[in-house]
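Printed here is protein-v4.pdb (PDB, C-alpha atoms):
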MODEL        1
ATOM      1  CA  MET M   1     -14.427 -18.996  -4.015
ATOM      2  CA  THR M   2     -12.985 -19.512  -7.497
ATOM      3  CA  THR M   3      -9.383 -20.386  -8.279
ATOM      4  CA  GLN M   4      -8.971 -17.094 -10.100
ATOM      5  CA  THR M   5     -10.253 -15.143  -7.085
ATOM      6  CA  ILE M   6      -7.580 -16.754  -4.924
ATOM      7  CA  GLN M   7      -4.850 -16.219  -7.518
ATOM      8  CA  PHE M   8      -5.669 -12.548  -8.034
ATOM      9  CA  ALA M   9      -5.917 -11.982  -4.268
ATOM     10  CA  ASP M  10      -2.498 -13.643  -3.885
ATOM     11  CA  GLN M  11      -0.987 -11.345  -6.514
ATOM     12  CA  LEU M  12      -2.337  -8.191  -4.897
ATOM     13  CA  ARG M  13      -1.204  -9.325  -1.466
ATOM     14  CA  GLU M  14       2.299 -10.102  -2.756
ATOM     15  CA  ALA M  15       2.516  -6.664  -4.376
ATOM     16  CA  GLU M  16       1.604  -5.073  -1.052
ATOM     17  CA  VAL M  17       4.235  -7.078   0.817
ATOM     18  CA  THR M  18       7.072  -6.746  -1.706
ATOM     19  CA  GLY M  19       6.370  -3.195  -2.880
ATOM     20  CA  VAL M  20       6.446  -4.308  -6.506
ATOM     21  CA  GLY M  21       3.378  -3.442  -8.572
ATOM     22  CA  ILE M  22       1.618  -6.017 -10.722
ATOM     23  CA  ALA M  23       0.036  -5.949 -14.156
ATOM     24  CA  PRO M  24      -3.648  -4.995 -14.197
ATOM     25  CA  LEU M  25      -5.904  -7.918 -13.408
ATOM     26  CA  THR M  26      -8.021  -6.869 -16.368
ATOM     27  CA  SER M  27      -5.046  -7.452 -18.663
ATOM     28  CA  VAL M  28      -5.104 -11.092 -17.556
ATOM     29  CA  ASN M  29      -8.887 -11.402 -17.593
ATOM     30  CA  PRO M  30     -10.565  -8.648 -19.646
ATOM     31  CA  ASP M  31     -13.947 -10.055 -18.630
ATOM     32  CA  LEU M  32     -13.402  -9.584 -14.889
ATOM     33  CA  THR M  33     -16.621  -8.118 -13.471
ATOM     34  CA  PRO M  34     -17.027  -5.646 -10.606
ATOM     35  CA  VAL M  35     -18.828  -8.299  -8.527
ATOM     36  CA  GLU M  36     -15.956 -10.736  -9.032
ATOM     37  CA  ALA M  37     -13.534  -7.943  -8.134
ATOM     38  CA  TYR M  38     -15.365  -7.270  -4.860
ATOM     39  CA  HIS M  39     -14.961 -10.933  -3.950
ATOM     40  CA  ILE M  40     -11.205 -10.599  -4.542
ATOM     41  CA  GLN M  41     -11.190  -7.557  -2.261
ATOM     42  CA  LEU M  42     -13.166  -9.390   0.408
ATOM     43  CA  GLU M  43     -10.792 -12.373   0.247
ATOM     44  CA  ASN M  44      -7.807 -10.174   1.138
ATOM     45  CA  ILE M  45      -9.765  -8.315   3.815
ATOM     46  CA  GLN M  46     -10.662 -11.635   5.412
ATOM     47  CA  ARG M  47      -7.011 -12.646   5.379
ATOM     48  CA  LYS M  48      -6.117  -9.471   7.242
ATOM     49  CA  LEU M  49      -8.898 -10.019   9.755
ATOM     50  CA  ASP M  50      -7.613 -13.557  10.296
ATOM     51  CA  ALA M  51      -4.183 -12.029  10.997
ATOM     52  CA  GLY M  52      -5.626  -9.836  13.762
ATOM     53  CA  GLN M  53      -6.440  -6.590  12.001
ATOM     54  CA  LYS M  54      -9.826  -4.936  12.507
ATOM     55  CA  VAL M  55     -12.236  -3.154  10.177
ATOM     56  CA  VAL M  56     -12.762   0.397  11.471
ATOM     57  CA  GLY M  57     -14.695   1.842   8.565
ATOM     58  CA  LYS M  58     -15.152   2.118   4.836
ATOM     59  CA  LYS M  59     -14.067   4.428   2.029
ATOM     60  CA  ILE M  60     -15.950   5.517  -1.051
ATOM     61  CA  GLY M  61     -14.119   6.097  -4.304
ATOM     62  CA  LEU M  62     -15.002   7.433  -7.743
ATOM     63  CA  THR M  63     -17.545   9.905  -6.410
ATOM     64  CA  SER M  64     -16.661  12.591  -8.948
ATOM     65  CA  LEU M  65     -18.141  12.555 -12.434
ATOM     66  CA  ALA M  66     -14.668  13.212 -13.873
ATOM     67  CA  MET M  67     -13.220  10.041 -12.345
ATOM     68  CA  GLN M  68     -16.279   8.004 -13.332
ATOM     69  CA  LYS M  69     -15.920   9.137 -16.930
ATOM     70  CA  LEU M  70     -12.201   8.366 -16.851
ATOM     71  CA  LEU M  71     -12.890   4.747 -15.912
ATOM     72  CA  GLY M  72     -16.091   4.471 -17.925
ATOM     73  CA  VAL M  73     -18.415   3.817 -14.985
ATOM     74  CA  ASP M  74     -21.607   5.360 -13.668
ATOM     75  CA  GLU M  75     -21.316   4.689  -9.944
ATOM     76  CA  PRO M  76     -18.713   4.875  -7.165
ATOM     77  CA  ASP M  77     -16.852   1.971  -5.594
ATOM     78  CA  TYR M  78     -15.861   1.157  -2.030
ATOM     79  CA  GLY M  79     -13.095  -0.298   0.084
ATOM     80  CA  HIS M  80     -12.486  -1.272   3.700
ATOM     81  CA  LEU M  81     -10.579   0.761   6.282
ATOM     82  CA  LEU M  82      -8.480  -1.241   8.745
ATOM     83  CA  ASP M  83      -6.934  -0.211  12.042
ATOM     84  CA  SER M  84      -3.504  -0.606  10.409
ATOM     85  CA  MET M  85      -4.289   2.251   7.989
ATOM     86  CA  VAL M  86      -4.622   5.026  10.577
ATOM     87  CA  VAL M  87      -2.073   7.882  10.597
ATOM     88  CA  GLU M  88      -2.169  10.522  13.327
ATOM     89  CA  ASN M  89      -2.909  14.112  12.329
ATOM     90  CA  GLY M  90       0.448  15.727  11.591
ATOM     91  CA  GLY M  91       2.104  12.321  11.427
ATOM     92  CA  THR M  92       4.669  11.034   8.961
ATOM     93  CA  VAL M  93       4.277   8.328   6.338
ATOM     94  CA  SER M  94       7.232   6.365   4.991
ATOM     95  CA  MET M  95       7.240   5.762   1.255
ATOM     96  CA  SER M  96       7.776   2.082   2.054
ATOM     97  CA  GLN M  97       4.317   1.929   3.648
ATOM     98  CA  ILE M  98       2.352   2.412   0.455
ATOM     99  CA  LEU M  99       2.824   1.917  -3.271
ATOM    100  CA  GLN M 100       2.514   4.964  -5.556
ATOM    101  CA  PRO M 101       0.901   7.259  -2.952
ATOM    102  CA  ARG M 102      -1.446  10.063  -3.867
ATOM    103  CA  VAL M 103      -3.392  12.354  -1.558
ATOM    104  CA  GLU M 104      -7.034  13.438  -1.528
ATOM    105  CA  GLY M 105      -8.999  15.736   0.772
ATOM    106  CA  GLU M 106     -12.308  14.361   2.040
ATOM    107  CA  ILE M 107     -15.010  14.687   4.681
ATOM    108  CA  ALA M 108     -15.136  11.795   7.156
ATOM    109  CA  PHE M 109     -18.389  10.716   8.781
ATOM    110  CA  ILE M 110     -18.309   9.079  12.223
ATOM    111  CA  LEU M 111     -21.464   7.054  12.773
ATOM    112  CA  LYS M 112     -23.509   6.802  15.968
ATOM    113  CA  LYS M 113     -26.054   4.353  14.529
ATOM    114  CA  ASP M 114     -25.877   1.364  12.208
ATOM    115  CA  LEU M 115     -26.841   1.904   8.584
ATOM    116  CA  ILE M 116     -28.139  -1.204   6.854
ATOM    117  CA  GLY M 117     -29.286  -1.131   3.221
ATOM    118  CA  PRO M 118     -30.875  -1.499   0.768
ATOM    119  CA  ASN M 119     -33.179   1.462   1.413
ATOM    120  CA  VAL M 120     -30.928   3.946   3.219
ATOM    121  CA  THR M 121     -31.590   7.613   2.334
ATOM    122  CA  THR M 122     -29.474  10.745   2.659
ATOM    123  CA  LEU M 123     -31.681  11.765   5.604
ATOM    124  CA  ASP M 124     -30.965   8.431   7.287
ATOM    125  CA  VAL M 125     -27.237   9.187   6.985
ATOM    126  CA  LEU M 126     -27.633  12.635   8.541
ATOM    127  CA  GLN M 127     -29.557  11.148  11.461
ATOM    128  CA  ALA M 128     -27.012   8.345  11.941
ATOM    129  CA  THR M 129     -23.939  10.604  11.949
ATOM    130  CA  LYS M 130     -22.335  11.453  15.281
ATOM    131  CA  TYR M 131     -20.045  14.089  13.761
ATOM    132  CA  ILE M 132     -17.859  14.890  10.759
ATOM    133  CA  VAL M 133     -14.159  15.771  10.564
ATOM    134  CA  PRO M 134     -11.714  16.687   7.807
ATOM    135  CA  ALA M 135      -9.678  13.815   6.397
ATOM    136  CA  LEU M 136      -6.800  13.088   4.071
ATOM    137  CA  GLU M 137      -6.930   9.797   2.248
ATOM    138  CA  ILE M 138      -3.596   8.491   1.020
ATOM    139  CA  VAL M 139      -4.547   6.237  -1.834
ATOM    140  CA  GLY M 140      -2.134   3.759  -3.352
ATOM    141  CA  SER M 141      -2.209   1.199  -6.121
ATOM    142  CA  ARG M 142      -0.731  -2.262  -6.143
ATOM    143  CA  VAL M 143      -1.220  -2.109  -9.931
ATOM    144  CA  LYS M 144       1.867  -0.823 -11.702
ATOM    145  CA  ASP M 145       1.708   2.782 -12.939
ATOM    146  CA  TRP M 146      -1.935   3.149 -11.830
ATOM    147  CA  LYS M 147      -3.057   1.523 -15.094
ATOM    148  CA  ILE M 148      -6.411   0.567 -13.651
ATOM    149  CA  LYS M 149      -9.904  -0.117 -14.838
ATOM    150  CA  LEU M 150     -12.853  -0.355 -12.470
ATOM    151  CA  PRO M 151     -12.401  -4.063 -11.560
ATOM    152  CA  ASP M 152      -8.689  -3.466 -10.884
ATOM    153  CA  THR M 153      -9.263  -0.762  -8.301
ATOM    154  CA  ILE M 154     -12.190  -2.611  -6.699
ATOM    155  CA  ALA M 155     -10.124  -5.781  -6.277
ATOM    156  CA  ASP M 156      -7.322  -3.633  -4.826
ATOM    157  CA  ASN M 157      -9.589  -2.507  -1.963
ATOM    158  CA  ALA M 158     -10.588   0.558  -3.979
ATOM    159  CA  SER M 159      -6.916   1.591  -4.082
ATOM    160  CA  SER M 160      -6.992   2.166  -0.323
ATOM    161  CA  GLY M 161      -3.798   2.918   1.542
ATOM    162  CA  LEU M 162      -3.812   5.061   4.668
ATOM    163  CA  TYR M 163      -5.919   7.864   6.098
ATOM    164  CA  VAL M 164      -5.626  10.796   8.502
ATOM    165  CA  LEU M 165      -8.408  12.413  10.546
ATOM    166  CA  GLY M 166      -8.000  15.927  11.913
ATOM    167  CA  GLY M 167      -9.758  19.148  12.675
ATOM    168  CA  LYS M 168     -12.523  19.248  15.243
ATOM    169  CA  PRO M 169     -15.595  17.045  15.556
ATOM    170  CA  THR M 170     -18.460  19.062  14.092
ATOM    171  CA  ARG M 171     -22.166  18.312  14.258
ATOM    172  CA  ILE M 172     -23.563  17.720  10.827
ATOM    173  CA  GLU M 173     -26.481  20.076  11.459
ATOM    174  CA  ASP M 174     -24.017  22.943  12.004
ATOM    175  CA  VAL M 175     -22.740  22.957   8.397
ATOM    176  CA  ASN M 176     -24.040  22.938   4.844
ATOM    177  CA  LEU M 177     -22.423  19.814   3.449
ATOM    178  CA  GLU M 178     -23.006  20.754  -0.175
ATOM    179  CA  LEU M 179     -21.316  24.147   0.195
ATOM    180  CA  LEU M 180     -18.546  23.067   2.564
ATOM    181  CA  GLY M 181     -15.297  24.272   1.013
ATOM    182  CA  MET M 182     -11.812  22.723   1.101
ATOM    183  CA  VAL M 183      -8.340  23.986   0.207
ATOM    184  CA  LEU M 184      -5.545  21.436  -0.305
ATOM    185  CA  THR M 185      -1.919  22.572  -0.125
ATOM    186  CA  LYS M 186       1.318  20.730  -0.895
ATOM    187  CA  ASN M 187       4.389  22.177   0.800
ATOM    188  CA  GLY M 188       2.456  25.365   1.456
ATOM    189  CA  GLN M 189       1.407  25.811  -2.167
ATOM    190  CA  LEU M 190      -2.208  25.596  -3.285
ATOM    191  CA  VAL M 191      -2.763  22.477  -5.410
ATOM    192  CA  ASN M 192      -6.529  21.923  -5.238
ATOM    193  CA  THR M 193      -9.793  23.343  -4.033
ATOM    194  CA  GLY M 194     -13.054  21.509  -3.600
ATOM    195  CA  VAL M 195     -16.561  21.679  -2.251
ATOM    196  CA  GLY M 196     -18.898  19.106  -0.743
ATOM    197  CA  ALA M 197     -21.150  19.086  -3.788
ATOM    198  CA  ALA M 198     -18.265  17.564  -5.805
ATOM    199  CA  ALA M 199     -19.065  14.209  -4.188
ATOM    200  CA  LEU M 200     -22.319  13.103  -5.859
ATOM    201  CA  GLY M 201     -23.865  16.461  -5.005
ATOM    202  CA  ASN M 202     -23.671  15.788  -1.260
ATOM    203  CA  PRO M 203     -21.188  13.663   0.734
ATOM    204  CA  ALA M 204     -24.063  12.208   2.755
ATOM    205  CA  THR M 205     -25.551  10.883  -0.490
ATOM    206  CA  CYS M 206     -22.283   9.002  -1.010
ATOM    207  CA  VAL M 207     -22.633   7.359   2.392
ATOM    208  CA  ALA M 208     -26.223   6.357   1.594
ATOM    209  CA  TRP M 209     -25.029   4.828  -1.692
ATOM    210  CA  LEU M 210     -22.392   2.889   0.251
ATOM    211  CA  ALA M 211     -24.854   1.469   2.770
ATOM    212  CA  ASN M 212     -27.124   0.321  -0.040
ATOM    213  CA  LYS M 213     -24.281  -1.129  -2.123
ATOM    214  CA  LEU M 214     -22.926  -3.072   0.853
ATOM    215  CA  SER M 215     -26.312  -4.688   1.370
ATOM    216  CA  GLN M 216     -25.584  -6.734  -1.761
ATOM    217  CA  PHE M 217     -22.800  -8.418   0.212
ATOM    218  CA  ASP M 218     -24.669  -8.516   3.560
ATOM    219  CA  ILE M 219     -22.248  -5.979   5.054
ATOM    220  CA  PRO M 220     -23.653  -3.259   7.361
ATOM    221  CA  LEU M 221     -22.180   0.096   8.333
ATOM    222  CA  ARG M 222     -21.756  -0.026  12.090
ATOM    223  CA  ALA M 223     -21.970   2.657  14.777
ATOM    224  CA  GLY M 224     -18.472   3.957  15.486
ATOM    225  CA  GLU M 225     -17.180   3.330  11.982
ATOM    226  CA  VAL M 226     -15.289   5.974   9.995
ATOM    227  CA  ILE M 227     -16.670   6.582   6.514
ATOM    228  CA  LEU M 228     -14.488   8.488   4.048
ATOM    229  CA  SER M 229     -17.135   9.969   1.808
ATOM    230  CA  GLY M 230     -15.111  10.634  -1.349
ATOM    231  CA  ALA M 231     -12.540  13.054  -2.715
ATOM    232  CA  LEU M 232     -13.576  16.672  -3.144
ATOM    233  CA  SER M 233     -10.878  17.232  -5.780
ATOM    234  CA  ALA M 234      -8.310  15.370  -7.837
ATOM    235  CA  MET M 235      -5.671  13.200  -6.167
ATOM    236  CA  VAL M 236      -2.134  14.621  -5.979
ATOM    237  CA  VAL M 237       1.095  12.622  -6.212
ATOM    238  CA  ALA M 238       3.078  12.434  -2.946
ATOM    239  CA  GLU M 239       6.886  12.321  -2.827
ATOM    240  CA  PRO M 240       9.468  12.179  -0.013
ATOM    241  CA  GLY M 241       9.655  15.483   1.839
ATOM    242  CA  ASP M 242       6.131  16.557   0.956
ATOM    243  CA  THR M 243       3.677  17.962   3.472
ATOM    244  CA  PHE M 244      -0.023  18.050   2.640
ATOM    245  CA  THR M 245      -2.654  20.056   4.497
ATOM    246  CA  ALA M 246      -6.379  20.184   3.822
ATOM    247  CA  ARG M 247      -8.268  23.107   5.362
ATOM    248  CA  PHE M 248     -12.026  22.947   5.557
ATOM    249  CA  ALA M 249     -14.460  25.723   6.332
ATOM    250  CA  HIS M 250     -15.862  25.199   9.872
ATOM    251  CA  LEU M 251     -14.088  21.844  10.325
ATOM    252  CA  GLY M 252     -10.464  22.889  10.741
ATOM    253  CA  GLN M 253      -7.490  21.226   9.085
ATOM    254  CA  VAL M 254      -5.629  17.943   8.726
ATOM    255  CA  THR M 255      -1.960  17.389   7.831
ATOM    256  CA  VAL M 256       0.361  14.565   6.818
ATOM    257  CA  ASN M 257       4.081  14.391   5.994
ATOM    258  CA  PHE M 258       6.023  12.012   3.756
ATOM    259  CA  GLU M 259       9.569  10.723   4.177
ATOM    260  CA  GLU M 260      11.795   8.309   2.268
TER     261      GLU M 260
ENDMDL
END
Mind converting the file's structure to structure tokens?
Amino acid sequence: MTTQTIQFADQLREAEVTGVGIAPLTSVNPDLTPVEAYHIQLENIQRKLDAGQKVVGKKIGLTSLAMQKLLGVDEPDYGHLLDSMVVENGGTVSMSQILQPRVEGEIAFILKKDLIGPNVTTLDVLQATKYIVPALEIVGSRVKDWKIKLPDTIADNASSGLYVLGGKPTRIEDVNLELLGMVLTKNGQLVNTGVGAAALGNPATCVAWLANKLSQFDIPLRAGEVILSGALSAMVVAEPGDTFTARFAHLGQVTVNFEE
């Protein structure tokens, strides 16, 4: 573990605790690589595990071509989901819980079998999935004003914050993932629509990518884990008093509220 890894992990952790965003890590070290950034992420995850938190899943980010082009990358990234990040369906999030929150609608995969890369296929993911449910991911950035490049968001646990699972558990063979539609509303007003194909053509393909990417760090996807497979549309800024609902064809809906 390098000195810089520890220093950058300390800065991100302090931002999370104090609620004060930091300058982009890439403004301090323009040569910071994605691999180095993942080690920063893993350092802070280990600290949280040492403090008693538990990993309950993973999230995939940058699955849309638009977001990849925005950050100048050609593949997604990933972050860890911890038991401290769970919000009940219909629950309320305080603005003090997360820095600069934004909301995305996604499909969550609940695994019944382990997935261990590097040769996981989309079919393997389908066979390993117990069921899917609709999800809202509440992303946040410990980097001030969301001025991030790829290594910044990776180091920041892929800008993870909180997540909400809702709807009804649905067998994956009962839906067409690529054509599965979503409508996202904010305070009852339509703000986004999306479809499964927006996430690398198929959300299950995103999960396969994740399993294979994690193999580089000797990290498996375990049975029982929640996998947020990637946003089906653009993220939307959340403010106090807002209510977000994502409605998915066949899967039902999921809702979250925000307060000061």
Written as number ranges by chain, which residues does the PyMOL selection byres ((chain M and resi 85-98) around 6) give for the file shown? M: 82-84, 99, 162-164, 166, 254-260
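Nearest residue to M:His250 among M:Thr121, M:Gln100, M:Thr170, M:Gln127 is M:Thr170, counting only C-alpha atoms.
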When you look at stretch 229-233 of chain M with a cut-off of 9 Å (counting all atoms listed in the file), what residues show up, excluding the ones that are within fewer than 5 positions of it in the same chain? I need them as JSON, numbers by chain. {"M": [58, 59, 60, 61, 62, 63, 64, 76, 104, 105, 106, 107, 108, 109, 136, 137, 181, 182, 184, 192, 193, 194, 195, 196, 197, 198, 199, 200, 203, 204, 205, 206, 207, 210]}
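Atom pair atom CA of M:Ile148 / atom CA of M:Leu214: separated by 22.3 Å.
Interatomic distance, atom CA of M:Leu228 against atom CA of M:Pro134: 9.4 Å.
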